[in-house]
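Dropping query_39.txt in here (compact mmCIF, C-alpha atoms):
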```
# COMPACT_ATOMS: atom_id res chain seq x y z
CA MET X 1 11.02 44.02 -21.89
CA PRO X 2 10.35 40.38 -22.68
CA LYS X 3 7.80 38.66 -20.54
CA GLN X 4 9.48 36.66 -17.79
CA VAL X 5 8.16 33.17 -17.32
CA ASP X 6 8.84 31.47 -14.03
CA HIS X 7 9.90 28.11 -15.40
CA GLU X 8 9.94 26.34 -12.07
CA GLN X 9 6.44 27.61 -11.38
CA ARG X 10 5.26 26.47 -14.82
CA ARG X 11 6.78 23.05 -14.30
CA ARG X 12 4.94 22.72 -10.97
CA LEU X 13 1.64 23.71 -12.57
CA LEU X 14 2.10 21.02 -15.21
CA THR X 15 2.90 18.57 -12.45
CA GLU X 16 -0.31 19.41 -10.63
CA ALA X 17 -2.08 18.60 -13.90
CA VAL X 18 -0.28 15.23 -13.94
CA PHE X 19 -1.56 14.54 -10.39
CA ALA X 20 -5.11 15.45 -11.39
CA VAL X 21 -4.99 13.12 -14.42
CA ILE X 22 -3.56 10.21 -12.39
CA SER X 23 -6.09 10.54 -9.58
CA THR X 24 -9.16 11.06 -11.74
CA GLN X 25 -8.33 8.99 -14.85
CA GLY X 26 -5.57 6.65 -13.71
CA PHE X 27 -1.87 6.25 -14.31
CA GLU X 28 -2.48 4.61 -17.68
CA ALA X 29 -4.28 7.72 -18.86
CA VAL X 30 -1.33 10.06 -18.41
CA SER X 31 -0.50 11.33 -21.89
CA LEU X 32 0.91 14.51 -23.32
CA ARG X 33 -2.54 15.37 -24.60
CA ASP X 34 -4.36 14.81 -21.29
CA VAL X 35 -1.83 16.74 -19.27
CA ALA X 36 -1.88 19.64 -21.76
CA GLU X 37 -5.68 19.70 -21.68
CA GLN X 38 -5.81 19.51 -17.88
CA ALA X 39 -3.25 22.33 -17.54
CA GLY X 40 -4.85 24.45 -20.28
CA VAL X 41 -1.64 24.71 -22.30
CA SER X 42 -0.48 23.41 -25.68
CA MET X 43 1.08 19.98 -26.12
CA GLY X 44 4.21 21.81 -27.31
CA THR X 45 4.48 23.56 -23.96
CA VAL X 46 4.31 20.27 -22.08
CA GLN X 47 6.95 18.79 -24.40
CA HIS X 48 9.16 21.81 -23.89
CA TYR X 49 9.31 21.13 -20.16
CA PHE X 50 9.19 17.36 -20.29
CA PRO X 51 10.62 15.82 -23.47
CA THR X 52 9.58 12.29 -22.40
CA LYS X 53 6.70 10.87 -20.41
CA GLN X 54 9.07 9.27 -17.94
CA GLN X 55 10.82 12.62 -17.30
CA MET X 56 7.41 14.14 -16.63
CA LEU X 57 6.47 11.35 -14.22
CA SER X 58 9.83 11.33 -12.43
CA PHE X 59 9.58 15.08 -11.87
CA ALA X 60 5.99 14.62 -10.70
CA LEU X 61 7.10 12.05 -8.14
CA SER X 62 9.79 14.33 -6.71
CA HIS X 63 7.37 17.25 -6.67
CA MET X 64 4.91 15.04 -4.79
CA ARG X 65 7.43 14.77 -1.98
CA GLU X 66 7.74 18.57 -1.82
CA ARG X 67 3.99 18.91 -1.86
CA VAL X 68 3.51 16.50 1.05
CA LEU X 69 6.27 18.25 3.01
CA ALA X 70 4.61 21.64 2.40
CA ARG X 71 1.29 20.29 3.68
CA LEU X 72 3.11 18.82 6.67
CA GLN X 73 4.76 22.13 7.51
CA ALA X 74 1.41 23.90 7.26
CA ALA X 75 -0.21 21.30 9.53
CA LEU X 76 2.57 21.60 12.11
CA ALA X 77 2.51 25.40 11.99
CA ALA X 78 -1.21 25.32 12.79
CA LEU X 79 -0.60 23.56 16.12
CA ARG X 80 -0.39 25.67 19.28
CA GLU X 81 2.33 24.60 21.70
CA PRO X 82 2.33 21.07 20.33
CA THR X 83 3.73 18.14 22.28
CA ARG X 84 5.95 15.69 20.42
CA ARG X 85 2.97 13.37 20.31
CA ASP X 86 0.90 16.13 18.65
CA LEU X 87 3.63 16.58 16.03
CA ILE X 88 3.84 12.86 15.29
CA ARG X 89 0.05 12.62 15.13
CA ALA X 90 -0.19 15.55 12.71
CA ALA X 91 2.54 14.11 10.47
CA THR X 92 0.69 10.80 10.43
CA ALA X 93 -2.62 12.41 9.49
CA VAL X 94 -0.97 14.24 6.58
CA MET X 95 0.07 10.88 5.10
CA LEU X 96 -3.50 9.50 5.19
CA PRO X 97 -6.19 10.17 2.56
CA VAL X 98 -8.45 11.95 5.04
CA ASP X 99 -9.11 15.04 2.89
CA PRO X 100 -9.12 15.78 -0.88
CA ALA X 101 -5.41 16.75 -1.01
CA GLY X 102 -4.39 13.64 0.93
CA ARG X 103 -6.60 11.52 -1.28
CA GLU X 104 -5.05 12.84 -4.48
CA GLU X 105 -1.56 12.27 -3.08
CA ALA X 106 -2.46 8.74 -2.00
CA CYS X 107 -3.77 7.90 -5.49
CA VAL X 108 -0.59 9.22 -7.07
CA ASN X 109 1.70 7.45 -4.59
CA ILE X 110 -0.04 4.11 -5.03
CA ALA X 111 0.19 4.52 -8.80
CA PHE X 112 3.95 5.06 -8.51
CA PHE X 113 4.38 2.08 -6.18
CA SER X 114 2.62 0.01 -8.80
CA ALA X 115 4.68 1.45 -11.66
CA ALA X 116 7.85 0.95 -9.58
CA THR X 117 7.54 -2.82 -9.89
CA VAL X 118 8.62 -2.47 -13.51
CA THR X 119 10.43 0.90 -13.49
CA PRO X 120 13.49 0.79 -11.21
CA ALA X 121 13.92 4.60 -11.33
CA TYR X 122 10.57 5.05 -9.53
CA ALA X 123 11.47 2.37 -7.00
CA GLU X 124 14.65 4.28 -6.21
CA GLN X 125 12.79 7.58 -5.80
CA LEU X 126 10.20 5.97 -3.53
CA ARG X 127 12.85 4.18 -1.48
CA ASP X 128 14.67 7.45 -0.99
CA GLY X 129 11.59 9.56 -0.22
CA TYR X 130 9.87 7.10 2.11
CA GLY X 131 13.22 6.21 3.69
CA ARG X 132 13.78 9.85 4.65
CA ILE X 133 10.38 10.11 6.30
CA LEU X 134 11.05 6.90 8.22
CA THR X 135 14.42 8.27 9.38
CA VAL X 136 12.79 11.48 10.64
CA SER X 137 10.12 9.42 12.36
CA VAL X 138 12.70 7.25 14.16
CA ALA X 139 14.58 10.40 15.25
CA ASN X 140 11.34 11.90 16.63
CA PHE X 141 10.55 8.77 18.62
CA ARG X 142 14.12 8.58 19.98
CA GLU X 143 13.91 12.18 21.08
CA ALA X 144 10.59 11.49 22.79
CA ALA X 145 12.23 8.54 24.56
CA ARG X 146 15.17 10.71 25.62
CA LEU X 147 12.76 13.26 27.09
CA GLY X 148 10.94 10.57 29.05
CA GLU X 149 7.71 10.98 27.05
CA LEU X 150 7.36 7.29 26.17
CA ARG X 151 5.95 4.68 28.52
CA ASP X 152 8.22 2.19 30.26
CA GLY X 153 9.46 -0.62 28.04
CA ILE X 154 8.64 1.17 24.78
CA ASP X 155 11.38 0.81 22.16
CA PRO X 156 11.41 3.83 19.81
CA ASP X 157 13.25 1.82 17.14
CA VAL X 158 10.32 -0.60 17.01
CA GLU X 159 7.43 1.81 17.53
CA ALA X 160 8.53 4.37 14.94
CA PRO X 161 8.49 1.89 12.02
CA VAL X 162 5.33 0.22 13.37
CA LEU X 163 3.43 3.52 13.35
CA TYR X 164 4.91 4.46 10.01
CA PHE X 165 4.08 1.22 8.19
CA LEU X 166 0.70 0.99 9.92
CA THR X 167 -0.07 4.41 8.47
CA GLN X 168 1.05 3.34 5.00
CA GLY X 169 -1.07 0.20 5.33
CA LEU X 170 -4.19 2.24 6.01
CA VAL X 171 -3.87 4.26 2.79
CA GLY X 172 -5.14 1.65 0.31
CA PRO X 173 -7.97 0.41 2.58
CA ILE X 174 -9.21 3.99 3.07
CA LEU X 175 -9.07 4.61 -0.69
CA VAL X 176 -11.19 1.55 -1.51
CA GLY X 177 -13.61 2.27 1.36
CA LEU X 178 -12.72 -0.68 3.58
CA TYR X 179 -11.81 1.59 6.48
CA SER X 180 -13.07 5.10 7.16
CA PRO X 181 -10.69 8.00 7.82
CA ASP X 182 -12.14 8.27 11.35
CA ASP X 183 -11.56 4.58 12.09
CA ALA X 184 -8.02 4.90 10.75
CA LEU X 185 -7.28 7.92 12.95
CA ALA X 186 -8.78 6.10 15.95
CA LEU X 187 -6.38 3.21 15.35
CA ILE X 188 -3.47 5.69 15.16
CA ASP X 189 -4.61 7.32 18.41
CA ALA X 190 -4.81 3.91 20.12
CA GLN X 191 -1.17 3.34 19.12
CA LEU X 192 -0.12 6.73 20.44
CA ASP X 193 -1.98 6.10 23.72
CA ARG X 194 -0.07 2.88 24.14
CA VAL X 195 3.32 4.38 23.32
CA PHE X 196 3.21 7.81 24.98
CA ARG X 197 2.78 8.54 28.68
CA PRO X 198 -0.36 10.49 29.47
CA ILE X 199 0.40 14.18 29.88
CA SER X 200 0.18 15.14 33.55
CA PRO X 201 -2.40 17.89 34.09
CA MET Z 1 -15.33 -38.88 -28.24
CA PRO Z 2 -14.68 -35.13 -28.40
CA LYS Z 3 -11.75 -33.87 -26.43
CA GLN Z 4 -12.89 -32.45 -23.11
CA VAL Z 5 -11.43 -29.12 -22.16
CA ASP Z 6 -11.50 -28.12 -18.53
CA HIS Z 7 -12.71 -24.57 -19.01
CA GLU Z 8 -12.17 -23.53 -15.43
CA GLN Z 9 -8.63 -24.84 -15.58
CA ARG Z 10 -8.00 -23.00 -18.85
CA ARG Z 11 -9.36 -19.79 -17.41
CA ARG Z 12 -7.02 -20.11 -14.43
CA LEU Z 13 -4.02 -20.71 -16.69
CA LEU Z 14 -4.85 -17.54 -18.62
CA THR Z 15 -5.16 -15.71 -15.34
CA GLU Z 16 -1.72 -16.84 -14.25
CA ALA Z 17 -0.48 -15.36 -17.54
CA VAL Z 18 -2.20 -12.09 -16.61
CA PHE Z 19 -0.37 -12.10 -13.25
CA ALA Z 20 2.97 -12.73 -14.96
CA VAL Z 21 2.40 -9.86 -17.40
CA ILE Z 22 1.37 -7.42 -14.62
CA SER Z 23 4.31 -8.27 -12.37
CA THR Z 24 6.99 -8.28 -15.07
CA GLN Z 25 5.71 -5.65 -17.51
CA GLY Z 26 3.20 -3.63 -15.50
CA PHE Z 27 -0.55 -3.18 -15.39
CA GLU Z 28 -0.47 -0.88 -18.41
CA ALA Z 29 1.07 -3.66 -20.48
CA VAL Z 30 -1.79 -6.10 -20.05
CA SER Z 31 -3.20 -6.66 -23.53
CA LEU Z 32 -4.89 -9.50 -25.33
CA ARG Z 33 -1.69 -10.03 -27.30
CA ASP Z 34 0.65 -10.11 -24.28
CA VAL Z 35 -1.56 -12.46 -22.31
CA ALA Z 36 -1.94 -14.80 -25.31
CA GLU Z 37 1.81 -14.81 -25.85
CA GLN Z 38 2.56 -15.39 -22.17
CA ALA Z 39 0.04 -18.26 -22.01
CA GLY Z 40 1.12 -19.75 -25.34
CA VAL Z 41 -2.37 -19.66 -26.83
CA SER Z 42 -4.03 -17.70 -29.62
CA MET Z 43 -5.59 -14.29 -29.11
CA GLY Z 44 -8.89 -15.89 -30.12
CA THR Z 45 -8.65 -18.29 -27.20
CA VAL Z 46 -8.13 -15.45 -24.74
CA GLN Z 47 -11.09 -13.56 -26.26
CA HIS Z 48 -13.24 -16.67 -26.03
CA TYR Z 49 -12.78 -16.75 -22.26
CA PHE Z 50 -12.61 -13.02 -21.64
CA PRO Z 51 -14.51 -10.91 -24.18
CA THR Z 52 -13.24 -7.65 -22.60
CA LYS Z 53 -10.06 -6.61 -20.85
CA GLN Z 54 -11.98 -5.58 -17.75
CA GLN Z 55 -13.66 -9.01 -17.55
CA MET Z 56 -10.21 -10.58 -17.75
CA LEU Z 57 -8.85 -8.34 -15.01
CA SER Z 58 -11.88 -8.75 -12.74
CA PHE Z 59 -11.60 -12.51 -12.99
CA ALA Z 60 -7.87 -12.23 -12.34
CA LEU Z 61 -8.51 -10.26 -9.17
CA SER Z 62 -10.97 -12.83 -7.82
CA HIS Z 63 -8.62 -15.66 -8.77
CA MET Z 64 -5.85 -13.83 -6.89
CA ARG Z 65 -7.89 -14.18 -3.71
CA GLU Z 66 -8.23 -17.93 -4.28
CA ARG Z 67 -4.54 -18.21 -4.99
CA VAL Z 68 -3.56 -16.44 -1.76
CA LEU Z 69 -6.01 -18.59 0.21
CA ALA Z 70 -4.52 -21.74 -1.33
CA ARG Z 71 -1.01 -20.65 -0.33
CA LEU Z 72 -2.30 -19.83 3.13
CA GLN Z 73 -3.86 -23.27 3.53
CA ALA Z 74 -0.61 -24.90 2.40
CA ALA Z 75 1.38 -22.78 4.87
CA LEU Z 76 -0.96 -23.66 7.73
CA ALA Z 77 -0.97 -27.35 6.84
CA ALA Z 78 2.84 -27.37 7.06
CA LEU Z 79 2.78 -26.32 10.73
CA ARG Z 80 3.03 -29.04 13.38
CA GLU Z 81 0.78 -28.54 16.37
CA PRO Z 82 0.59 -24.79 15.76
CA THR Z 83 -0.43 -22.35 18.45
CA ARG Z 84 -2.87 -19.61 17.51
CA ARG Z 85 0.09 -17.26 17.41
CA ASP Z 86 1.81 -19.58 14.91
CA LEU Z 87 -1.30 -19.54 12.71
CA ILE Z 88 -1.56 -15.76 12.79
CA ARG Z 89 2.15 -15.42 12.07
CA ALA Z 90 1.96 -17.80 9.11
CA ALA Z 91 -1.06 -15.98 7.68
CA THR Z 92 0.80 -12.69 8.00
CA ALA Z 93 3.90 -14.02 6.24
CA VAL Z 94 1.76 -15.26 3.32
CA MET Z 95 0.57 -11.69 2.74
CA LEU Z 96 4.12 -10.30 2.53
CA PRO Z 97 6.34 -10.38 -0.58
CA VAL Z 98 8.95 -12.59 1.10
CA ASP Z 99 9.20 -15.16 -1.73
CA PRO Z 100 8.60 -15.13 -5.51
CA ALA Z 101 4.91 -16.10 -5.24
CA GLY Z 102 4.28 -13.47 -2.57
CA ARG Z 103 6.13 -10.91 -4.62
CA GLU Z 104 4.07 -11.60 -7.74
CA GLU Z 105 0.85 -11.37 -5.71
CA ALA Z 106 1.98 -8.12 -4.10
CA CYS Z 107 2.72 -6.56 -7.52
CA VAL Z 108 -0.69 -7.59 -8.80
CA ASN Z 109 -2.53 -6.40 -5.69
CA ILE Z 110 -0.82 -3.00 -5.70
CA ALA Z 111 -1.66 -2.65 -9.39
CA PHE Z 112 -5.33 -3.29 -8.61
CA PHE Z 113 -5.34 -0.85 -5.69
CA SER Z 114 -3.98 1.73 -8.09
CA ALA Z 115 -6.50 0.87 -10.80
CA ALA Z 116 -9.28 0.89 -8.18
CA THR Z 117 -8.97 4.65 -7.76
CA VAL Z 118 -10.62 5.03 -11.16
CA THR Z 119 -12.45 1.68 -11.53
CA PRO Z 120 -15.10 1.28 -8.81
CA ALA Z 121 -15.60 -2.44 -9.64
CA TYR Z 122 -12.03 -3.19 -8.55
CA ALA Z 123 -12.45 -1.09 -5.39
CA GLU Z 124 -15.51 -3.17 -4.53
CA GLN Z 125 -13.66 -6.46 -5.10
CA LEU Z 126 -10.71 -5.29 -2.98
CA ARG Z 127 -12.97 -3.99 -0.22
CA ASP Z 128 -14.75 -7.33 -0.13
CA GLY Z 129 -11.62 -9.49 -0.29
CA TYR Z 130 -9.51 -7.53 2.19
CA GLY Z 131 -12.54 -7.04 4.43
CA ARG Z 132 -13.01 -10.80 4.70
CA ILE Z 133 -9.40 -11.34 5.72
CA LEU Z 134 -9.70 -8.60 8.32
CA THR Z 135 -12.86 -10.22 9.70
CA VAL Z 136 -11.10 -13.60 9.99
CA SER Z 137 -8.17 -11.89 11.67
CA VAL Z 138 -10.38 -10.18 14.26
CA ALA Z 139 -12.12 -13.52 14.96
CA ASN Z 140 -8.73 -15.20 15.49
CA PHE Z 141 -7.57 -12.54 17.92
CA ARG Z 142 -10.87 -12.67 19.83
CA GLU Z 143 -10.57 -16.43 20.12
CA ALA Z 144 -6.99 -16.04 21.39
CA ALA Z 145 -8.27 -13.54 23.96
CA ARG Z 146 -11.04 -15.92 25.03
CA LEU Z 147 -8.48 -18.68 25.53
CA GLY Z 148 -6.30 -16.42 27.68
CA GLU Z 149 -3.47 -16.36 25.14
CA LEU Z 150 -3.20 -12.57 25.00
CA ARG Z 151 -1.39 -10.47 27.55
CA ASP Z 152 -3.31 -8.42 30.10
CA GLY Z 153 -4.84 -5.24 28.73
CA ILE Z 154 -4.57 -6.32 25.10
CA ASP Z 155 -7.69 -5.46 23.06
CA PRO Z 156 -8.15 -7.95 20.20
CA ASP Z 157 -10.36 -5.47 18.32
CA VAL Z 158 -7.45 -3.03 18.21
CA GLU Z 159 -4.56 -5.44 17.76
CA ALA Z 160 -6.10 -7.44 14.91
CA PRO Z 161 -6.49 -4.42 12.61
CA VAL Z 162 -3.12 -3.00 13.73
CA LEU Z 163 -1.30 -6.20 12.74
CA TYR Z 164 -3.32 -6.47 9.56
CA PHE Z 165 -2.73 -2.91 8.32
CA LEU Z 166 0.88 -2.98 9.49
CA THR Z 167 1.36 -6.03 7.28
CA GLN Z 168 -0.29 -4.30 4.32
CA GLY Z 169 1.91 -1.26 4.94
CA LEU Z 170 5.07 -3.34 4.67
CA VAL Z 171 4.20 -4.68 1.20
CA GLY Z 172 5.09 -1.59 -0.87
CA PRO Z 173 8.27 -0.79 1.12
CA ILE Z 174 9.53 -4.36 0.68
CA LEU Z 175 8.77 -4.22 -3.07
CA VAL Z 176 10.79 -1.02 -3.57
CA GLY Z 177 13.61 -2.27 -1.35
CA LEU Z 178 13.15 0.16 1.56
CA TYR Z 179 12.68 -2.67 4.05
CA SER Z 180 13.98 -6.23 3.79
CA PRO Z 181 11.67 -9.24 4.22
CA ASP Z 182 13.67 -10.19 7.34
CA ASP Z 183 13.28 -6.74 8.90
CA ALA Z 184 9.57 -6.85 8.10
CA LEU Z 185 9.12 -10.24 9.74
CA ALA Z 186 11.13 -9.06 12.77
CA LEU Z 187 8.70 -6.15 13.15
CA ILE Z 188 5.76 -8.58 12.94
CA ASP Z 189 7.38 -10.82 15.57
CA ALA Z 190 7.91 -7.82 17.87
CA GLN Z 191 4.16 -7.12 17.61
CA LEU Z 192 3.27 -10.72 18.36
CA ASP Z 193 5.66 -10.74 21.36
CA ARG Z 194 3.90 -7.70 22.72
CA VAL Z 195 0.39 -9.07 22.18
CA PHE Z 196 0.70 -12.76 23.06
CA ARG Z 197 1.71 -14.23 26.41
CA PRO Z 198 4.90 -16.25 26.29
CA ILE Z 199 4.13 -19.97 26.05
CA SER Z 200 4.95 -21.70 29.34
CA PRO Z 201 7.55 -24.43 28.82
```

Turn the structure described in the file into structure tokens.
Amino acid sequence: MPKQVDHEQRRRLLTEAVFAVISTQGFEAVSLRDVAEQAGVSMGTVQHYFPTKQQMLSFALSHMRERVLARLQAALAALREPTRRDLIRAATAVMLPVDPAGREEACVNIAFFSAATVTPAYAEQLRDGYGRILTVSVANFREAARLGELRDGIDPDVEAPVLYFLTQGLVGPILVGLYSPDDALALIDAQLDRVFRPISP
Amino acid sequence: MPKQVDHEQRRRLLTEAVFAVISTQGFEAVSLRDVAEQAGVSMGTVQHYFPTKQQMLSFALSHMRERVLARLQAALAALREPTRRDLIRAATAVMLPVDPAGREEACVNIAFFSAATVTPAYAEQLRDGYGRILTVSVANFREAARLGELRDGIDPDVEAPVLYFLTQGLVGPILVGLYSPDDALALIDAQLDRVFRPISP
């Protein structure tokens, strides 16, 4: 019987190599040769899966979304009887470069935001991906409001985007060492304290 | 008499060419040739001022800070009898890509944040530059608190970084078209409404 190759799996492995090259050598460094070397395969194999560099990078960007969602699901599954606030806090922490995986993802995402200024296809992918997360975030805050979990006078349609963009705005400063992960999480917690009612004991 | 060349002026002109190349063609595209073409000078002239690409880019990043500060001063000077809230609002708007100059600066800054993940010298420059703005912002909020301009229970040491990082977090989403400049400014105004007391008539 011929050996079965899981093509989707192979494509993902190559994409992880793309992430490693971007975050350790920079977006400029991404080449067929570097990705092949990083993945331990031939350049022909990379070309077989991704005929052009832009196809490789576009697939990498969509796989990045899946990867973040998988980490998010794992983080949420690890919580015991989480409140809505716990869920929102965990989702926020996943988007920050507070551990090696988050750091690699942040490097890659920033690289794509930069590349998006001259490559409309990336801008569209980012708009779509980040837009979905924002939509989920607004829905979560509205549900919390409906359940009476938010303090008086708190508007979920304001606080959801504020928390979301605040989180995005902490990514670059953490990466360059202006703000520590702990300080960033403390700022997030201060927001959540302001927005959510304290849980009655 | 020999013709006097204002070297500092020339260096700045070349730097503006670097900004134009980054924001229209991308960070990867920055080359001696492109910058010379964009500036309308010879490649030898560019090399005379910037022997290496990294020297050119490092100077560009420090000039970017000056350029943003100059736009900020112009924006502040245009205000008539501004309140502290007006000053903070104007400074925030200068940092957002809400006009062509702001958009070009945002493209360049994101490109440097991306490059900083593999070039520690850029990370240091960004940490220093953004850190200074954050320090000024905290001082402004503290002064507003001292003057009784903030609402009860508002902590300037929390609200200054929140507004600052929220603003940074809106830059990428505006660039890729996820959020409009108007929506971004409305979110900023909602923050300021929450933090500052209404002005008595």

### Query
Which one of X:Val195, X:His63, X:Ala123, X:Ala90 sits closest to Gln9 (chain X) if you count only C-alpha atoms?
X:His63

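Distances to Val162 (chain X) were evaluated for X:Thr52, X:Gln191, X:Thr117, X:Gln38 using only C-alpha atoms, and the minimum falls at X:Gln191.
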
### Query
Please, which residues of chain Z lie no more than 8 Å from chain X when the count uses only C-alpha atoms, and can they be set out as JSON, numbers by chain?
{"Z": [23, 24, 25, 26, 27, 28, 107, 110, 111, 113, 114, 115, 116, 117, 118, 123, 124, 126, 127, 128, 130, 131, 158, 162, 163, 165, 166, 167, 168, 169, 170, 172, 173, 175, 176, 177, 178, 187, 190]}

### Message
Report as a list in words all protein, DNA and RNA residues lying within 9 Å of Arg11 (chain Z), evaluated on only C-alpha atoms, omitting residues in the same chain fewer than 4 positions from it.
### Response
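My list of contacting residues is Asp6, His7, Thr15, Glu16, Val46, Tyr49, Phe50 and Phe59 of chain Z.
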
Just-selected residues, C-alpha atoms written as a JSON list (two decimals), in the frame of the given file:
```json
[["chain", "number", "residue", "atom", "x", "y", "z"],
["Z", 6, "ASP", "CA", -11.50, -28.12, -18.53],
["Z", 7, "HIS", "CA", -12.71, -24.57, -19.01],
["Z", 15, "THR", "CA", -5.16, -15.71, -15.34],
["Z", 16, "GLU", "CA", -1.72, -16.84, -14.25],
["Z", 46, "VAL", "CA", -8.13, -15.45, -24.74],
["Z", 49, "TYR", "CA", -12.78, -16.75, -22.26],
["Z", 50, "PHE", "CA", -12.61, -13.02, -21.64],
["Z", 59, "PHE", "CA", -11.60, -12.51, -12.99]]
```

### Minimum-distance residue to Arg65 (chain Z), chosen among Z:Ala93, Z:Met43, Z:Ile199, Z:Ile133 (using only C-alpha atoms)
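For Arg65 (chain Z), the nearest of the given residues is Z:Ile133.
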
### Task
State, in Å with one decimal place, the distance from CA of Ala145 (chain X) to CA of Phe196 (chain X).
9.1 Å

### Query
If you count all atoms listed in the file, which residues fall within 9 Å of Asp86 (chain X), apart from same-chain ones fewer than 5 positions away, as a count of residues only?
3

### Query
So, counting all atoms listed in the file, which residue among Z:Pro51, Z:Gly102, Z:Gly40, Z:Pro181 is closest to Arg67 (chain Z)?
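Using all atoms listed in the file, the shortest distance to Arg67 (chain Z) belongs to Z:Gly102.
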